[in-house]
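Visitor: See model37.tsv below, with TSV, C-alpha atoms.
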chain	number	residue	atom	x	y	z
A	1	MET	CA	49.83	-3.48	-25.47
A	2	VAL	CA	48.07	-0.93	-23.26
A	3	GLN	CA	51.40	0.76	-22.53
A	4	SER	CA	52.24	0.87	-26.24
A	5	LEU	CA	48.91	2.58	-27.02
A	6	THR	CA	49.35	5.10	-24.23
A	7	ARG	CA	52.69	6.08	-25.72
A	8	LEU	CA	50.84	6.83	-28.97
A	9	GLY	CA	48.73	9.45	-27.19
A	10	LEU	CA	45.68	7.48	-26.00
A	11	SER	CA	44.53	7.73	-22.41
A	12	GLU	CA	44.98	4.67	-20.23
A	13	THR	CA	41.21	4.06	-20.09
A	14	ALA	CA	40.77	4.37	-23.86
A	15	ALA	CA	43.76	2.08	-24.46
A	16	ALA	CA	42.36	-0.55	-22.07
A	17	VAL	CA	38.93	-0.43	-23.76
A	18	LEU	CA	40.51	-0.72	-27.22
A	19	VAL	CA	42.61	-3.71	-26.18
A	20	ALA	CA	39.54	-5.37	-24.65
A	21	LEU	CA	37.53	-4.86	-27.86
A	22	ILE	CA	40.36	-6.31	-29.96
A	23	ALA	CA	40.60	-9.35	-27.65
A	24	VAL	CA	36.82	-9.95	-27.78
A	25	PHE	CA	36.81	-9.58	-31.59
A	26	LEU	CA	39.63	-12.08	-32.03
A	27	LEU	CA	38.17	-14.60	-29.58
A	28	LEU	CA	34.66	-14.39	-31.05
A	29	ASN	CA	35.99	-14.99	-34.53
A	30	PHE	CA	38.18	-17.84	-33.31
A	31	VAL	CA	35.24	-19.56	-31.60
A	32	ALA	CA	33.01	-19.09	-34.66
A	33	VAL	CA	35.58	-20.28	-37.20
A	34	SER	CA	36.56	-23.21	-34.96
A	35	ALA	CA	32.90	-24.24	-34.74
A	36	LEU	CA	32.65	-24.23	-38.55
A	37	PHE	CA	35.78	-26.35	-38.82
A	38	PHE	CA	34.67	-28.77	-36.08
A	39	ILE	CA	31.27	-29.35	-37.69
A	40	TRP	CA	32.96	-30.24	-40.98
A	41	LEU	CA	35.55	-32.38	-39.19
A	42	GLU	CA	32.94	-34.26	-37.18
A	43	ARG	CA	31.11	-35.25	-40.34
A	44	LYS	CA	34.30	-36.45	-42.00
A	45	VAL	CA	35.39	-38.35	-38.87
A	46	SER	CA	31.99	-40.03	-38.51
A	47	GLY	CA	31.94	-40.83	-42.21
A	48	ARG	CA	35.35	-42.47	-42.06
A	49	ILE	CA	34.62	-44.45	-38.89
A	50	GLN	CA	31.26	-45.63	-40.21
A	51	ASP	CA	32.66	-46.38	-43.69
A	52	ARG	CA	30.80	-43.49	-45.30
A	53	LEU	CA	32.20	-40.62	-47.33
A	54	GLY	CA	30.68	-37.76	-45.34
A	55	PRO	CA	29.79	-34.45	-47.06
A	56	THR	CA	30.97	-34.41	-50.68
A	57	ARG	CA	28.20	-32.82	-52.72
A	58	VAL	CA	28.26	-29.14	-51.61
A	59	GLY	CA	31.25	-27.27	-53.07
A	60	GLY	CA	34.91	-27.71	-52.38
A	61	LYS	CA	37.04	-30.75	-52.93
A	62	PHE	CA	36.28	-32.23	-49.49
A	63	GLY	CA	32.77	-30.86	-49.02
A	64	TRP	CA	34.01	-27.99	-46.89
A	65	LEU	CA	31.20	-25.68	-48.05
A	66	GLN	CA	28.61	-27.99	-46.45
A	67	THR	CA	28.98	-26.23	-43.08
A	68	LEU	CA	28.59	-22.79	-44.67
A	69	ALA	CA	25.44	-24.00	-46.42
A	70	ASP	CA	24.08	-25.28	-43.12
A	71	GLY	CA	24.88	-21.99	-41.40
A	72	LEU	CA	23.08	-20.03	-44.11
A	73	LYS	CA	20.11	-22.39	-43.79
A	74	LEU	CA	19.91	-21.87	-40.02
A	75	ILE	CA	20.04	-18.08	-40.40
A	76	CYS	CA	17.20	-18.13	-42.93
A	77	LYS	CA	15.13	-20.77	-41.14
A	78	GLU	CA	11.98	-19.71	-39.33
A	79	ASP	CA	12.56	-19.34	-35.58
A	80	THR	CA	9.45	-20.62	-33.80
A	81	ILE	CA	8.51	-20.65	-30.11
A	82	PRO	CA	6.07	-23.26	-28.74
A	83	GLY	CA	2.78	-21.95	-27.42
A	84	ASP	CA	3.32	-23.45	-23.94
A	85	ALA	CA	6.87	-22.15	-23.63
A	86	ASP	CA	8.07	-19.39	-21.31
A	87	HIS	CA	9.05	-16.90	-24.00
A	88	PHE	CA	11.59	-14.98	-21.91
A	89	LEU	CA	13.44	-18.06	-20.64
A	90	PHE	CA	13.20	-19.72	-24.05
A	91	ARG	CA	14.93	-16.77	-25.71
A	92	LEU	CA	17.47	-16.27	-22.93
A	93	ALA	CA	18.72	-19.86	-22.57
A	94	PRO	CA	20.92	-20.19	-25.71
A	95	TYR	CA	22.72	-16.92	-24.98
A	96	ILE	CA	23.50	-17.98	-21.42
A	97	ALA	CA	24.89	-21.27	-22.71
A	98	PHE	CA	27.04	-19.53	-25.32
A	99	CYS	CA	28.33	-16.87	-22.90
A	100	GLY	CA	29.31	-19.55	-20.39
A	101	SER	CA	31.46	-21.16	-23.07
A	102	PHE	CA	32.86	-17.97	-24.58
A	103	VAL	CA	33.87	-16.14	-21.39
A	104	ALA	CA	36.21	-19.01	-20.48
A	105	PHE	CA	38.46	-18.04	-23.40
A	106	LEU	CA	39.31	-14.73	-21.70
A	107	ALA	CA	41.67	-16.54	-19.30
A	108	LEU	CA	43.04	-19.15	-21.74
A	109	PRO	CA	46.62	-18.35	-22.84
A	110	PHE	CA	47.39	-19.23	-26.46
A	111	GLY	CA	51.10	-18.40	-26.08
A	112	ASN	CA	53.62	-16.74	-23.80
A	113	ASP	CA	51.56	-13.81	-22.39
A	114	VAL	CA	49.12	-14.16	-25.33
A	115	VAL	CA	46.00	-14.03	-23.17
A	116	ALA	CA	43.08	-11.62	-22.93
A	117	ALA	CA	43.14	-11.47	-19.11
A	118	ASN	CA	46.14	-12.80	-17.20
A	119	MET	CA	44.50	-14.00	-13.97
A	120	ASN	CA	46.15	-15.48	-10.91
A	121	VAL	CA	43.14	-17.81	-10.51
A	122	ALA	CA	42.71	-18.48	-14.23
A	123	ILE	CA	42.08	-22.22	-14.02
A	124	PHE	CA	39.29	-21.97	-11.46
A	125	PHE	CA	37.82	-18.99	-13.31
A	126	MET	CA	37.59	-21.09	-16.49
A	127	LEU	CA	36.04	-24.06	-14.69
A	128	ALA	CA	33.52	-21.79	-12.95
A	129	VAL	CA	32.30	-19.94	-16.03
A	130	MET	CA	32.13	-23.10	-18.12
A	131	SER	CA	29.98	-24.67	-15.43
A	132	SER	CA	27.48	-21.84	-15.92
A	133	GLU	CA	26.67	-23.28	-19.37
A	134	VAL	CA	24.47	-25.82	-17.63
A	135	PHE	CA	22.13	-22.99	-16.52
A	136	GLY	CA	21.37	-22.32	-20.18
A	137	VAL	CA	20.60	-26.00	-20.69
A	138	ILE	CA	18.30	-26.13	-17.65
A	139	LEU	CA	16.48	-22.94	-18.68
A	140	ALA	CA	16.09	-24.30	-22.21
A	141	GLY	CA	14.54	-27.50	-20.88
A	142	TYR	CA	12.28	-25.74	-18.39
A	143	GLY	CA	11.31	-22.85	-20.66
A	144	SER	CA	10.37	-25.08	-23.61
A	145	GLY	CA	7.20	-26.32	-21.96
A	146	SER	CA	8.03	-29.91	-22.94
A	147	LYS	CA	8.62	-32.83	-20.59
A	148	TRP	CA	11.22	-34.30	-22.94
A	149	SER	CA	13.21	-31.09	-22.95
A	150	LEU	CA	12.90	-30.87	-19.17
A	151	PHE	CA	14.20	-34.43	-18.77
A	152	GLY	CA	17.23	-33.52	-20.88
A	153	GLY	CA	17.96	-30.39	-18.85
A	154	ILE	CA	17.71	-32.20	-15.51
A	155	ARG	CA	19.92	-35.03	-16.77
A	156	GLU	CA	22.56	-32.51	-17.78
A	157	ALA	CA	22.40	-30.78	-14.39
A	158	ALA	CA	22.92	-34.06	-12.55
A	159	GLN	CA	25.75	-35.08	-14.87
A	160	VAL	CA	27.67	-31.80	-14.84
A	161	VAL	CA	27.42	-31.27	-11.08
A	162	SER	CA	28.70	-34.81	-10.48
A	163	TYR	CA	31.60	-34.70	-12.93
A	164	GLU	CA	32.77	-31.27	-11.77
A	165	VAL	CA	34.10	-32.81	-8.55
A	166	PRO	CA	36.64	-35.30	-10.02
A	167	ARG	CA	37.47	-32.79	-12.78
A	168	ALA	CA	38.44	-30.13	-10.23
A	169	MET	CA	40.43	-32.65	-8.18
A	170	THR	CA	42.46	-33.76	-11.20
A	171	VAL	CA	43.13	-30.10	-12.01
A	172	LEU	CA	44.74	-29.78	-8.58
A	173	VAL	CA	47.30	-32.49	-9.45
A	174	PRO	CA	49.37	-30.31	-11.87
A	175	VAL	CA	48.54	-27.22	-9.80
A	176	ILE	CA	50.37	-28.81	-6.85
A	177	LEU	CA	53.42	-29.31	-9.06
A	178	ALA	CA	53.29	-25.76	-10.43
A	179	GLY	CA	52.45	-23.99	-7.17
A	180	THR	CA	50.12	-21.54	-8.93
A	181	LEU	CA	46.66	-21.24	-10.47
A	182	ASN	CA	47.90	-18.92	-13.22
A	183	LEU	CA	47.65	-20.80	-16.52
A	184	ASN	CA	50.25	-18.60	-18.20
A	185	THR	CA	52.76	-19.44	-15.47
A	186	ILE	CA	51.89	-23.14	-15.57
A	187	GLY	CA	52.46	-23.20	-19.33
A	188	ARG	CA	55.76	-21.32	-19.01
A	189	GLN	CA	57.04	-23.79	-16.39
A	190	GLN	CA	56.79	-26.67	-18.89
A	191	GLY	CA	59.19	-25.09	-21.36
A	192	GLY	CA	62.05	-27.13	-22.73
A	193	PHE	CA	62.08	-30.70	-23.91
A	194	LEU	CA	59.27	-33.22	-23.90
A	195	TRP	CA	59.96	-34.73	-20.49
A	196	ASN	CA	59.28	-31.36	-18.84
A	197	TRP	CA	55.58	-31.67	-19.64
A	198	TYR	CA	53.54	-32.42	-16.52
A	199	VAL	CA	51.84	-35.44	-18.09
A	200	PHE	CA	55.23	-37.18	-18.01
A	201	HIS	CA	56.25	-35.89	-14.59
A	202	ASP	CA	55.12	-38.92	-12.60
A	203	PRO	CA	52.58	-41.78	-12.76
A	204	PHE	CA	49.94	-39.74	-10.94
A	205	THR	CA	49.90	-36.80	-13.35
A	206	PHE	CA	49.97	-39.26	-16.25
A	207	ALA	CA	46.80	-40.93	-14.97
A	208	ALA	CA	45.28	-37.56	-13.98
A	209	PHE	CA	45.37	-36.44	-17.61
A	210	PHE	CA	43.10	-39.29	-18.71
A	211	VAL	CA	40.72	-38.81	-15.77
A	212	PHE	CA	40.50	-35.08	-16.50
A	213	PHE	CA	39.90	-35.68	-20.20
A	214	THR	CA	37.12	-38.17	-19.41
A	215	CYS	CA	35.43	-35.70	-17.06
A	216	ALA	CA	35.89	-32.89	-19.59
A	217	THR	CA	34.24	-35.01	-22.28
A	218	ALA	CA	31.28	-35.58	-19.96
A	219	SER	CA	31.04	-31.87	-19.14
A	220	CYS	CA	30.77	-31.07	-22.88
A	221	LYS	CA	27.81	-33.47	-23.31
A	222	ARG	CA	29.79	-35.60	-25.72
A	223	ALA	CA	29.07	-39.27	-26.32
A	224	PRO	CA	29.11	-41.63	-24.56
A	225	PHE	CA	27.90	-39.03	-22.01
A	226	ASP	CA	25.39	-37.18	-24.24
A	227	LEU	CA	22.30	-38.02	-22.20
A	228	ALA	CA	21.09	-34.42	-22.26
A	229	GLU	CA	20.37	-34.76	-25.99
A	230	ALA	CA	19.81	-38.50	-26.30
A	231	GLU	CA	17.86	-38.50	-29.57
A	232	SER	CA	16.75	-42.13	-29.28
A	233	GLU	CA	15.23	-41.51	-25.83
A	234	LEU	CA	14.26	-37.82	-25.63
A	235	VAL	CA	13.49	-36.88	-29.26
A	236	ALA	CA	16.40	-34.40	-29.13
A	237	GLY	CA	16.68	-33.58	-25.45
A	238	PHE	CA	16.82	-30.06	-24.06
A	239	HIS	CA	16.90	-28.39	-27.51
A	240	THR	CA	13.96	-30.33	-28.99
A	241	GLU	CA	11.83	-27.20	-29.43
A	242	TYR	CA	14.63	-24.99	-30.81
A	243	SER	CA	15.29	-24.16	-34.43
A	244	GLY	CA	17.20	-21.68	-36.52
A	245	LEU	CA	19.86	-19.43	-35.04
A	246	ARG	CA	19.01	-20.19	-31.41
A	247	TRP	CA	19.53	-23.90	-32.07
A	248	SER	CA	22.94	-23.19	-33.58
A	249	LEU	CA	24.02	-21.20	-30.50
A	250	PHE	CA	23.80	-24.34	-28.37
A	251	PHE	CA	26.16	-26.16	-30.69
A	252	MET	CA	28.54	-23.22	-30.92
A	253	ALA	CA	28.63	-23.34	-27.11
A	254	GLU	CA	29.32	-27.09	-27.20
A	255	TYR	CA	32.16	-26.83	-29.71
A	256	GLY	CA	33.58	-23.80	-27.90
A	257	SER	CA	33.59	-25.75	-24.64
A	258	MET	CA	35.28	-28.67	-26.36
A	259	PHE	CA	38.21	-26.50	-27.40
A	260	ALA	CA	38.27	-24.70	-24.02
A	261	VAL	CA	38.63	-27.92	-22.01
A	262	SER	CA	41.12	-29.22	-24.58
A	263	GLY	CA	43.11	-26.01	-24.11
A	264	ILE	CA	43.06	-26.51	-20.34
A	265	ALA	CA	44.33	-30.07	-20.80
A	266	ALA	CA	47.07	-28.82	-23.12
A	267	ILE	CA	48.16	-26.15	-20.65
A	268	LEU	CA	48.03	-28.32	-17.52
A	269	PHE	CA	49.46	-31.54	-18.90
A	270	LEU	CA	50.76	-31.29	-22.49
A	271	GLY	CA	53.25	-28.45	-22.28
A	272	GLY	CA	50.90	-25.68	-23.37
A	273	TRP	CA	52.30	-23.88	-26.40
A	274	HIS	CA	55.71	-25.58	-26.22
A	275	THR	CA	56.76	-28.02	-28.91
A	276	GLY	CA	58.90	-30.10	-26.57
A	277	LEU	CA	61.69	-30.06	-29.17
A	278	THR	CA	63.56	-26.89	-28.15
A	279	PRO	CA	65.44	-26.10	-24.91
A	280	GLY	CA	63.26	-23.05	-24.19
A	281	ASP	CA	60.38	-20.83	-25.26
A	282	LEU	CA	60.69	-19.68	-28.87
A	283	SER	CA	59.37	-16.22	-27.99
A	284	GLU	CA	62.30	-15.81	-25.57
A	285	MET	CA	64.94	-17.63	-27.63
A	286	LEU	CA	64.58	-15.68	-30.89
A	287	PRO	CA	66.65	-12.47	-30.87
A	288	GLY	CA	65.59	-8.97	-31.78
A	289	ALA	CA	62.42	-6.95	-31.31
A	290	TRP	CA	60.48	-9.27	-33.63
A	291	GLY	CA	61.57	-12.41	-31.80
A	292	TRP	CA	58.67	-12.29	-29.37
A	293	TRP	CA	56.12	-11.88	-32.17
A	294	VAL	CA	57.55	-14.56	-34.45
A	295	GLY	CA	58.07	-16.98	-31.59
A	296	ASN	CA	54.55	-16.48	-30.32
A	297	LEU	CA	53.08	-17.02	-33.78
A	298	VAL	CA	54.63	-20.47	-33.66
A	299	ASN	CA	53.46	-20.90	-30.05
A	300	VAL	CA	49.87	-20.03	-30.91
A	301	ALA	CA	49.90	-22.42	-33.88
A	302	VAL	CA	51.28	-25.25	-31.70
A	303	PHE	CA	48.70	-24.60	-28.98
A	304	ILE	CA	45.78	-24.54	-31.42
A	305	LEU	CA	46.97	-27.78	-33.05
A	306	LYS	CA	47.14	-29.47	-29.64
A	307	GLY	CA	43.62	-28.29	-28.83
A	308	TRP	CA	42.31	-29.46	-32.21
A	309	ALA	CA	43.98	-32.85	-31.72
A	310	LEU	CA	42.17	-33.36	-28.41
A	311	VAL	CA	38.87	-32.25	-29.97
A	312	PHE	CA	39.48	-34.85	-32.68
A	313	VAL	CA	39.86	-37.50	-29.97
A	314	MET	CA	36.49	-36.44	-28.52
A	315	MET	CA	34.93	-36.90	-31.95
A	316	TRP	CA	36.67	-40.25	-32.34
A	317	LEU	CA	35.19	-41.41	-29.04
A	318	ARG	CA	31.72	-40.21	-29.97
A	319	TRP	CA	31.56	-42.30	-33.12
A	320	THR	CA	33.22	-45.33	-31.55
A	321	LEU	CA	31.60	-45.90	-28.15
A	322	PRO	CA	27.91	-46.59	-27.47
A	323	ARG	CA	25.91	-44.25	-25.26
A	324	LEU	CA	25.79	-45.13	-21.56
A	325	ARG	CA	22.62	-45.31	-19.50
A	326	ILE	CA	22.04	-42.62	-16.90
A	327	ASP	CA	22.82	-45.04	-14.04
A	328	GLN	CA	26.06	-46.06	-15.77
A	329	VAL	CA	27.06	-42.42	-16.27
A	330	MET	CA	26.55	-41.59	-12.59
A	331	MET	CA	28.20	-44.83	-11.43
A	332	THR	CA	31.26	-44.14	-13.59
A	333	CYS	CA	31.67	-40.77	-11.91
A	334	LEU	CA	30.85	-41.53	-8.28
A	335	LYS	CA	32.08	-45.11	-8.00
A	336	TYR	CA	35.22	-44.95	-10.14
A	337	LEU	CA	36.42	-41.51	-11.23
A	338	LEU	CA	35.92	-39.76	-7.89
A	339	PRO	CA	37.92	-42.30	-5.82
A	340	ILE	CA	40.60	-42.42	-8.52
A	341	ALA	CA	40.88	-38.61	-8.48
A	342	CYS	CA	41.23	-38.63	-4.68
A	343	ALA	CA	43.97	-41.26	-4.89
A	344	LEU	CA	45.83	-39.30	-7.57
A	345	LEU	CA	45.68	-36.09	-5.54
A	346	LEU	CA	47.03	-37.85	-2.46
A	347	GLY	CA	49.62	-39.75	-4.49
A	348	VAL	CA	51.17	-36.72	-6.20
A	349	THR	CA	51.43	-34.96	-2.83
A	350	VAL	CA	53.31	-37.87	-1.27
A	351	TRP	CA	55.40	-38.23	-4.44
A	352	GLN	CA	56.63	-34.64	-4.18
A	353	LEU	CA	57.47	-35.01	-0.50
A	354	VAL	CA	59.05	-38.48	-0.40
A	355	VAL	CA	60.65	-39.34	-3.77
A	356	PRO	CA	64.13	-37.83	-4.36
A	357	LEU	CA	64.62	-35.44	-7.27
A	358	ALA	CA	66.99	-37.78	-9.14
A	359	ALA	CA	64.48	-40.64	-8.99
A	360	ARG	CA	61.68	-38.33	-10.17
A	361	GLN	CA	63.74	-37.34	-13.21
A	362	VAL	CA	64.45	-40.97	-14.10
A	363	VAL	CA	60.74	-41.79	-13.86
A	364	ALA	CA	59.91	-38.81	-16.11
A	365	TYR	CA	62.36	-40.06	-18.74
A	366	VAL	CA	60.91	-43.58	-18.60
A	367	ILE	CA	57.29	-42.39	-18.93
A	368	THR	CA	58.24	-40.08	-21.80
A	369	ALA	CA	60.08	-42.81	-23.70
A	370	ALA	CA	57.28	-45.34	-23.18
A	371	SER	CA	54.64	-42.83	-24.31
A	372	VAL	CA	56.56	-41.83	-27.44
A	373	LEU	CA	57.14	-45.46	-28.41
A	374	GLY	CA	53.50	-46.31	-27.77
A	375	LEU	CA	52.27	-43.40	-29.92
A	376	ALA	CA	54.72	-44.34	-32.67
A	377	ALA	CA	53.51	-47.96	-32.67
A	378	PHE	CA	49.88	-46.79	-32.71
A	379	ALA	CA	50.51	-44.40	-35.62
A	380	TYR	CA	52.32	-47.12	-37.55
A	381	LYS	CA	49.39	-49.51	-37.01
A	382	VAL	CA	46.85	-46.91	-38.16
A	383	LEU	CA	48.82	-45.93	-41.26
A	384	THR	CA	49.62	-49.46	-42.37
A	385	THR	CA	46.21	-51.07	-41.74
A	386	ALA	CA	44.05	-51.01	-44.87
A	387	PRO	CA	40.26	-51.41	-44.72
A	388	PRO	CA	38.85	-54.70	-46.03
A	389	ALA	CA	38.26	-54.78	-49.78
A	390	GLY	CA	34.86	-53.45	-50.77
A	391	MET	CA	34.10	-51.80	-47.42
A	392	ILE	CA	34.32	-48.23	-48.75
A	393	PRO	CA	32.84	-47.69	-52.23
A	394	PRO	CA	34.75	-45.30	-54.50
A	395	SER	CA	31.69	-43.06	-54.82
A	396	MET	CA	28.17	-42.71	-53.52
A	397	GLU	CA	26.85	-43.71	-56.92
A	398	GLY	CA	27.67	-46.47	-59.36
A	399	PRO	CA	28.53	-50.13	-58.84
A	400	VAL	CA	31.25	-51.40	-56.57
A	401	PRO	CA	34.19	-52.70	-58.64
A	402	GLY	CA	33.71	-56.41	-59.31
A	403	SER	CA	30.00	-56.33	-58.54
A	404	ALA	CA	27.05	-56.41	-60.91
A	405	GLU	CA	24.79	-54.52	-58.51
A	406	PRO	CA	25.01	-50.83	-57.59
A	407	ALA	CA	26.47	-49.96	-54.22
A	408	ARG	CA	23.85	-49.42	-51.56
A	409	ALA	CA	24.15	-46.74	-48.91
A	410	GLY	CA	24.76	-48.25	-45.50
As structure tokens, how would this structure be written, given the file I've shared?

Guide:
Amino acid sequence: MVQSLTRLGLSETAAAVLVALIAVFLLLNFVAVSALFFIWLERKVSGRIQDRLGPTRVGGKFGWLQTLADGLKLICKEDTIPGDADHFLFRLAPYIAFCGSFVAFLALPFGNDVVAANMNVAIFFMLAVMSSEVFGVILAGYGSGSKWSLFGGIREAAQVVSYEVPRAMTVLVPVILAGTLNLNTIGRQQGGFLWNWYVFHDPFTFAAFFVFFTCATASCKRAPFDLAEAESELVAGFHTEYSGLRWSLFFMAEYGSMFAVSGIAAILFLGGWHTGLTPGDLSEMLPGAWGWWVGNLVNVAVFILKGWALVFVMMWLRWTLPRLRIDQVMMTCLKYLLPIACALLLGVTVWQLVVPLAARQVVAYVITAASVLGLAAFAYKVLTTAPPAGMIPPSMEGPVPGSAEPARAG
């Protein structure tokens, strides 16, 4: 794009600055709109899992204006600072947390060469900047002048530092197969049909996907690993003293990190922007000058849907599993996930060196077929299983059909 702008008469510096501003504008709006959608989705997911209707009273057929109403409320809400707080650190913390989440998107490719900054070390850059989000959490806990907030910040520091180790080791599993740290190249190498995705390459990458996703869920402070904001133990954790817009920045950072780690999982394991149904990349297969643009529109849509699907799984887990204790969280990482990650890293290395190519291809076909059949059986079970009669009332008001008493919430 820089070269196209220079041909229009702009200097190379001005063209680079303009492209950077466009990229930042698009990414900021994507993160903000995604956060609005995720907040609405989380309420609907929790409502369905807990046999409640979720937001229905504020505009729109499915209560989709509820999130906009909440956003307007947070903007208008009084923003207070405790008297014992460190005012500078208290104000700075939410912006550090949000920047740590947002900057990661600069290296995340949404399609074939659709990336703000094409880096040769993109994957480690993303992991590094997302890890800096914990500094905002620690500063928020320390700067609030509250022992409960401080406990939440220290818990998060211990959790993130611990889970970064197995997360980075599972990242190396597909990196060994790809031979590069460039996410755009890794995504391009998985073009073609479904069995070319790295998650189906061998048993070690298949298991590495689930270990990485577990560690990524923990790094985003999502239940059952949400000890940093354990409301039943710490009032509200590190953000207890926050309100208004600063409070919302922490949750924008959380939802942004959820999509960022889901995007990494999609690129490293799930074929990136490829559908798995065509023999090549759509942006390269479609003819003509517009082929790249049309193909990449489809690529971007496919990539975003994959990321949203993984975010949905995180929400599903939150409203299904109970919260772990701090000793259980650390034991899960150090006693189980870390040794498993080491074994997977060693196993994929030996697999590449010892197993013949023909045998590797057969294994990839078998894993792909078993996974597709398993997902099909799971989807059939979900779609054909009806909830027990009377579990979900038709409305929040009025009697349940066949009952003389009005339906009671909960």

Visitor: Distance table requested - stretch 181-297 of chain A against stretch 337-357 of chain A, cut-off 7 Å, all atoms listed in the file: one row per qualifying residue with the closest atom pair and its distance in Å to one decimal, ordered by chain and rising residue number, as a tab-separated table.

Guide:
residue	atom	partner	partner_atom	distance
A:Phe204	CA	A:Leu344	CA	5.3
A:Ala208	CA	A:Leu344	CA	6.7
A:Val211	CA	A:Leu337	CA	6.8

Visitor: List every residue of stretch 206-283 of chain A that has an atom at most 12 Å from any atom of stretch 172-175 of chain A, giving for each one its closest atom pair and the distance in Å to one decimal, counting all atoms listed in the file, sorted by chain and then by ascending residue number, as a Markdown table.

Guide:
| residue | atom | partner | partner_atom | distance |
| --- | --- | --- | --- | --- |
| A:Phe206 | CA | A:Val173 | CA | 10.0 |
| A:Ala207 | CA | A:Val173 | CA | 10.1 |
| A:Ala208 | CA | A:Val173 | CA | 7.1 |
| A:Phe209 | CA | A:Val173 | CA | 9.3 |
| A:Val211 | CA | A:Val173 | CA | 11.1 |
| A:Phe212 | CA | A:Val173 | CA | 10.1 |
| A:Ile264 | CA | A:Pro174 | CA | 11.2 |
| A:Ala265 | CA | A:Pro174 | CA | 10.3 |
| A:Ala266 | CA | A:Pro174 | CA | 11.6 |
| A:Ile267 | CA | A:Pro174 | CA | 9.8 |
| A:Leu268 | CA | A:Pro174 | CA | 6.1 |
| A:Phe269 | CA | A:Pro174 | CA | 7.1 |
| A:Leu270 | CA | A:Pro174 | CA | 10.8 |
| A:Gly271 | CA | A:Pro174 | CA | 11.3 |

Visitor: For each of A:Val115, A:Ala140, A:Leu28, A:Leu72, take the minimum atom-to-atom distance to A:Tyr242, counting only C-alpha atoms, then give the residue where this is smallest.

Guide: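 Nearest to A:Tyr242: A:Ala140.
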
Visitor: Which residue, A:Leu36, A:Val363, A:Ile123, A:Ala253, has the smallest gap to A:Gly136 when you use all atoms listed in the file?

Guide: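 Closest candidate: A:Ala253.
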
Visitor: With all atoms listed in the file as the counted atoms, please give the residues lying no more than 12 Å from A:Tyr163, apart from itself and same-chain residues fewer than 2 positions off, as a PyMOL selection string.

Guide: chain A and resi 127+131+156-161+165-170+211-221+225+329-338+341

Visitor: Counting all atoms listed in the file, figure out which residue out of A:Gly71, A:Gly111, A:Gly60, A:Gly152 gets nearest to A:Arg188.

Guide: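 Nearest to A:Arg188: A:Gly111.
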
Visitor: Can you tell me how far atom CA of A:Ser46 sits from atom CA of A:Leu317, in Å to one decimal?

Guide: 10.1 Å

Visitor: Return the single residue from A:Lys73, A:Lys381, A:Arg360, A:Arg318 that is closest to A:Tyr198, with distances computed using only C-alpha atoms.

Guide: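 Of all the options, A:Arg360 lies closest to A:Tyr198.
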
Visitor: Of the candidates A:Met258, A:Leu227, A:Leu383, A:Leu18, which one gets nearest to A:Gly307 if we count all atoms listed in the file?

Guide: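 Among the listed residues, A:Met258 lies closest to A:Gly307.
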
Visitor: In file coordinates, which residues lie within 12 Å of (36.8, -9.9, -26.0) using only C-alpha atoms, given as number ranges by chain?

Guide: A: 16-31, 99, 102-108, 115-117

Visitor: Would you mind listing what lies within 9 Å of A:Asn299 as a PyMOL selection string, with only C-alpha atoms counted and same-chain residues fewer than 5 positions away left out?

Guide: chain A and resi 110-112+272-275+281-283+294+304

Visitor: So that I can see what lies close to A:Ala35, please list as a list of chain:residue names the residues with an atom at most 9 Å from it, counting only C-alpha atoms and leaving out residues fewer than 4 positions away in the same chain.

Guide: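 Those residues are A:Phe30, A:Val31, A:Ile39, A:Trp40, A:Phe251, A:Met252, A:Ala253, A:Glu254, A:Tyr255, A:Gly256.
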
Visitor: Considering only C-alpha atoms, can you say which of A:Gly263, A:Tyr95, A:Phe125, A:Leu324 comes closest to A:Val300?

Guide: A:Gly263

Visitor: Between atom CA of A:Ala377 and atom CA of A:Gly47, measure the distance and give it in Å to one decimal.

Guide: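 Rounded to one decimal, the two atoms are 24.6 Å apart.
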
Visitor: What gap, in Å, lies between atom CA of A:Leu41 and atom CA of A:Trp319?

Guide: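 Separation of atom CA of A:Leu41 and atom CA of A:Trp319: 12.3 Å.
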
Visitor: Please provide the set of residues having any atom within 10 Å of A:Cys76, restricted to only C-alpha atoms, with same-chain residues fewer than 5 positions apart removed, written as a list in words.

Guide: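 Counting only the stated atoms, we get Asp70, Gly71, Gly244 and Leu245 of chain A.
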